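Heads up, run-v4.txt below (compact mmCIF, C-alpha atoms):
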```
# COMPACT_ATOMS: atom_id res chain seq x y z
CA MET A 925 -75.52 286.81 32.86
CA ALA A 926 -72.81 284.38 33.88
CA GLU A 927 -73.10 281.58 36.38
CA GLU A 928 -71.45 283.71 39.06
CA GLY A 929 -74.00 286.49 38.56
CA ALA A 930 -71.33 288.98 37.46
CA THR A 931 -71.60 291.30 34.49
CA ALA A 932 -68.40 290.07 32.90
CA PRO A 933 -67.80 286.49 31.79
CA PRO A 934 -65.43 284.40 33.88
CA PRO A 935 -61.79 284.30 32.83
CA ALA A 936 -61.06 282.15 29.83
CA PRO A 937 -59.96 278.59 30.60
CA SER A 938 -56.21 278.18 30.73
CA GLY A 939 -54.38 276.05 28.20
CA ALA A 940 -52.30 272.98 29.03
CA GLU A 941 -53.90 271.85 32.30
CA GLU A 942 -57.37 272.30 30.86
CA ALA A 943 -56.46 270.33 27.76
CA GLN A 944 -55.07 267.53 29.92
CA GLN A 945 -58.24 267.37 32.02
CA VAL A 946 -60.45 267.29 28.96
CA GLU A 947 -58.21 264.70 27.33
CA LYS A 948 -58.38 262.46 30.41
CA GLN A 949 -62.16 262.70 30.52
CA ALA A 950 -62.53 262.02 26.80
CA ALA A 951 -60.22 259.02 27.07
CA GLY A 952 -61.87 257.71 30.23
CA GLY A 953 -65.47 258.03 29.07
CA GLY A 954 -65.74 254.81 27.15
CA GLY A 955 -69.30 254.03 26.11
CA GLY A 956 -69.77 252.05 22.94
CA GLY A 957 -71.48 253.01 19.73
CA ALA A 958 -71.51 255.95 17.38
CA ALA A 959 -71.85 258.57 20.12
CA ALA A 960 -68.52 257.57 21.65
CA ALA A 961 -66.87 257.57 18.23
CA ALA A 962 -68.20 261.05 17.53
CA GLU A 963 -66.90 262.33 20.88
CA GLU A 964 -63.44 260.87 20.25
CA GLU A 965 -63.18 262.91 17.07
CA ILE A 966 -63.31 266.16 19.04
CA THR A 967 -59.88 267.21 20.27
CA PRO A 968 -59.37 268.95 23.60
CA GLU A 969 -58.35 272.11 21.74
CA GLU A 970 -61.62 272.02 19.80
CA ILE A 971 -63.60 271.53 23.01
CA ILE A 972 -61.95 274.48 24.71
CA GLY A 973 -62.12 276.58 21.55
CA ARG A 974 -65.83 275.95 21.23
CA TYR A 975 -66.39 276.83 24.89
CA LYS A 976 -64.44 280.07 24.47
CA GLN A 977 -66.54 280.87 21.39
CA MET A 978 -69.72 280.22 23.40
CA ARG A 979 -68.54 282.57 26.17
CA ASP A 980 -67.65 285.20 23.55
CA ASP A 981 -71.11 284.88 21.99
CA ILE A 982 -72.68 285.28 25.44
CA ARG A 983 -70.60 288.40 26.08
CA LYS A 984 -71.64 289.92 22.74
CA ILE A 985 -75.33 289.21 23.33
CA ALA A 986 -75.07 290.66 26.85
CA GLU A 987 -73.56 293.84 25.38
CA LYS A 988 -76.45 294.05 22.91
CA VAL A 989 -78.93 293.59 25.76
CA ALA A 990 -77.28 296.42 27.69
CA ASN A 991 -77.32 298.75 24.66
CA VAL A 992 -80.96 298.00 23.81
CA ASP A 993 -81.91 298.50 27.45
CA ILE A 994 -80.24 301.93 27.43
CA ASP A 995 -82.05 302.87 24.20
CA LEU A 996 -85.35 301.67 25.64
CA ASN A 997 -84.86 303.75 28.80
CA GLU A 998 -84.12 306.80 26.65
CA HIS A 999 -87.30 306.21 24.64
CA HIS A 1000 -89.36 305.92 27.85
CA LEU A 1001 -87.79 309.13 29.14
CA VAL A 1002 -88.77 310.94 25.92
CA ILE A 1003 -92.30 309.47 26.04
CA ASN A 1004 -92.75 310.55 29.67
CA THR A 1005 -91.41 314.02 28.87
CA ILE A 1006 -93.48 314.82 25.79
CA THR A 1007 -96.76 313.08 26.71
CA PRO A 1008 -98.12 315.99 28.82
CA MET A 1009 -97.15 318.57 26.16
CA GLU A 1010 -99.53 320.15 23.67
CA LYS A 1011 -99.84 318.13 20.46
CA GLU A 1012 -99.08 321.17 18.22
CA ARG A 1013 -95.89 322.10 20.08
CA LYS A 1014 -92.68 321.95 18.02
CA ALA A 1015 -90.65 318.81 18.42
CA PHE A 1016 -87.31 317.85 16.93
CA ARG A 1017 -86.34 314.32 16.15
CA SER A 1018 -83.19 312.75 14.79
CA VAL A 1019 -83.98 310.53 11.81
CA GLY A 1020 -81.07 308.79 10.14
CA GLY A 1021 -78.63 311.31 11.54
CA LEU A 1022 -80.71 314.31 10.38
CA LEU A 1023 -82.55 316.56 12.77
CA THR A 1024 -86.13 317.04 11.60
CA GLN A 1025 -88.73 319.48 12.91
CA THR A 1026 -92.30 318.32 13.43
CA ASN A 1027 -94.79 318.47 16.31
CA VAL A 1028 -95.37 316.43 19.46
CA GLY A 1029 -98.54 314.87 18.01
CA THR A 1030 -96.53 313.31 15.16
CA VAL A 1031 -93.45 312.33 17.14
CA LEU A 1032 -95.14 310.67 20.13
CA PRO A 1033 -96.76 307.74 18.26
CA SER A 1034 -93.56 306.92 16.40
CA VAL A 1035 -91.48 307.06 19.59
CA LYS A 1036 -94.01 304.77 21.31
CA GLN A 1037 -93.86 302.35 18.38
CA GLN A 1038 -90.06 302.34 18.49
CA ALA A 1039 -90.18 301.67 22.24
CA GLU A 1040 -92.46 298.67 21.67
CA MET A 1041 -90.09 297.33 19.03
CA LEU A 1042 -87.15 297.77 21.41
CA GLU A 1043 -89.06 295.94 24.18
CA ASN A 1044 -89.67 293.00 21.82
CA LEU A 1045 -86.03 293.00 20.75
CA LEU A 1046 -84.92 293.08 24.38
CA LYS A 1047 -87.13 290.09 25.24
CA ASN A 1048 -85.77 288.14 22.26
CA LEU A 1049 -82.16 288.95 23.16
CA GLN A 1050 -82.71 287.97 26.79
CA THR A 1051 -84.21 284.65 25.69
CA GLN A 1052 -81.29 284.09 23.35
CA LEU A 1053 -78.85 284.97 26.14
CA ARG A 1054 -80.41 282.46 28.56
CA SER A 1055 -80.34 279.78 25.86
CA LYS A 1056 -76.65 280.40 25.09
CA GLU A 1057 -75.77 280.41 28.80
CA GLN A 1058 -77.53 277.05 29.27
CA GLU A 1059 -75.76 275.64 26.21
CA ALA A 1060 -72.36 276.82 27.50
CA ALA A 1061 -73.07 275.46 30.99
CA ALA A 1062 -74.04 272.07 29.53
CA TRP A 1063 -70.87 272.02 27.40
CA LYS A 1064 -68.78 273.00 30.43
CA THR A 1065 -70.32 270.22 32.52
CA LYS A 1066 -70.11 267.62 29.77
CA TYR A 1067 -66.38 268.12 29.26
CA ASN A 1068 -65.52 269.08 32.87
CA ILE A 1069 -64.12 272.48 31.91
CA MET A 1070 -62.90 274.60 34.81
CA THR A 1071 -61.81 278.22 34.75
CA GLN A 1072 -58.64 279.27 36.54
CA GLN A 1073 -60.79 280.93 39.22
CA GLU A 1074 -62.77 277.73 39.80
CA ARG A 1075 -59.56 275.70 39.94
CA GLU A 1076 -58.12 278.05 42.58
CA MET A 1077 -61.32 277.89 44.64
CA MET A 1078 -61.26 274.09 44.50
CA ALA A 1079 -57.62 274.05 45.63
CA GLN A 1080 -58.45 276.36 48.55
CA ALA A 1081 -61.39 274.16 49.54
CA GLN A 1082 -59.21 271.04 49.43
CA LYS A 1083 -56.53 272.78 51.48
CA ALA A 1084 -59.09 273.86 54.09
CA GLU A 1085 -60.48 270.32 54.22
CA GLN A 1086 -57.00 268.87 54.78
CA GLU A 1087 -56.37 271.34 57.60
CA GLN A 1088 -59.66 270.35 59.23
CA GLN A 1089 -58.67 266.70 59.06
CA LYS A 1090 -55.30 267.49 60.66
CA ASN A 1091 -57.03 269.40 63.45
CA LYS A 1092 -59.33 266.44 64.16
CA LYS A 1093 -56.35 264.14 64.75
```
Show how you would write the structure in this file as structure tokens.
Amino acid sequence: MAEEGATAPPPAPSGAEEAQQVEKQAAGGGGGGAAAAAEEEITPEEIIGRYKQMRDDIRKIAEKVANVDIDLNEHHLVINTITPMEKERKAFRSVGGLLTQTNVGTVLPSVKQQAEMLENLLKNLQTQLRSKEQEAAAWKTKYNIMTQQEREMMAQAQKAEQEQQKNKK
């Protein structure tokens, strides 16, 4: 799901330092023309707010993917369970919150059809999720947004590099 491969999105970017970094980049990136004028109109707060919204959208889509995947697995379990049964055997099915009695021969085709629809929905949601993740990653790169975790990792790397340089001397 996320760039780190975790199931949860990374922590939200922190406020003042992030805004200062974005502000410095926006001020320093001086190309001419309408594109530069359009970028100057976006405030650091808007940039961070939009990134947070993108991450929230990604989280919501990922939750939908997980729920649809669970439903699909349940449908496959039902299909695998009732397929070897006699077609005239009683079967109960919940339809709109009501439990209805029918037979396996009637229930099996509708459960298979629902499973196919869930598979298509799952594929569409996964495509949408990848698209949103790419969009958020591009936005993050464009405006040099760093999460608190990334900032800490960078500080540790710089500290380790400085210690290596001291050891070489």
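Of note, CA of Val992 in chain A and CA of Leu1023 in chain A are spaced 21.7 Å apart.
The interatomic distance for the pair CA of Leu1053 in chain A and CA of Gln1037 in chain A works out to 24.2 Å.
Note that CA of Gly1020 in chain A and CA of Leu1045 in chain A are 19.7 Å apart.
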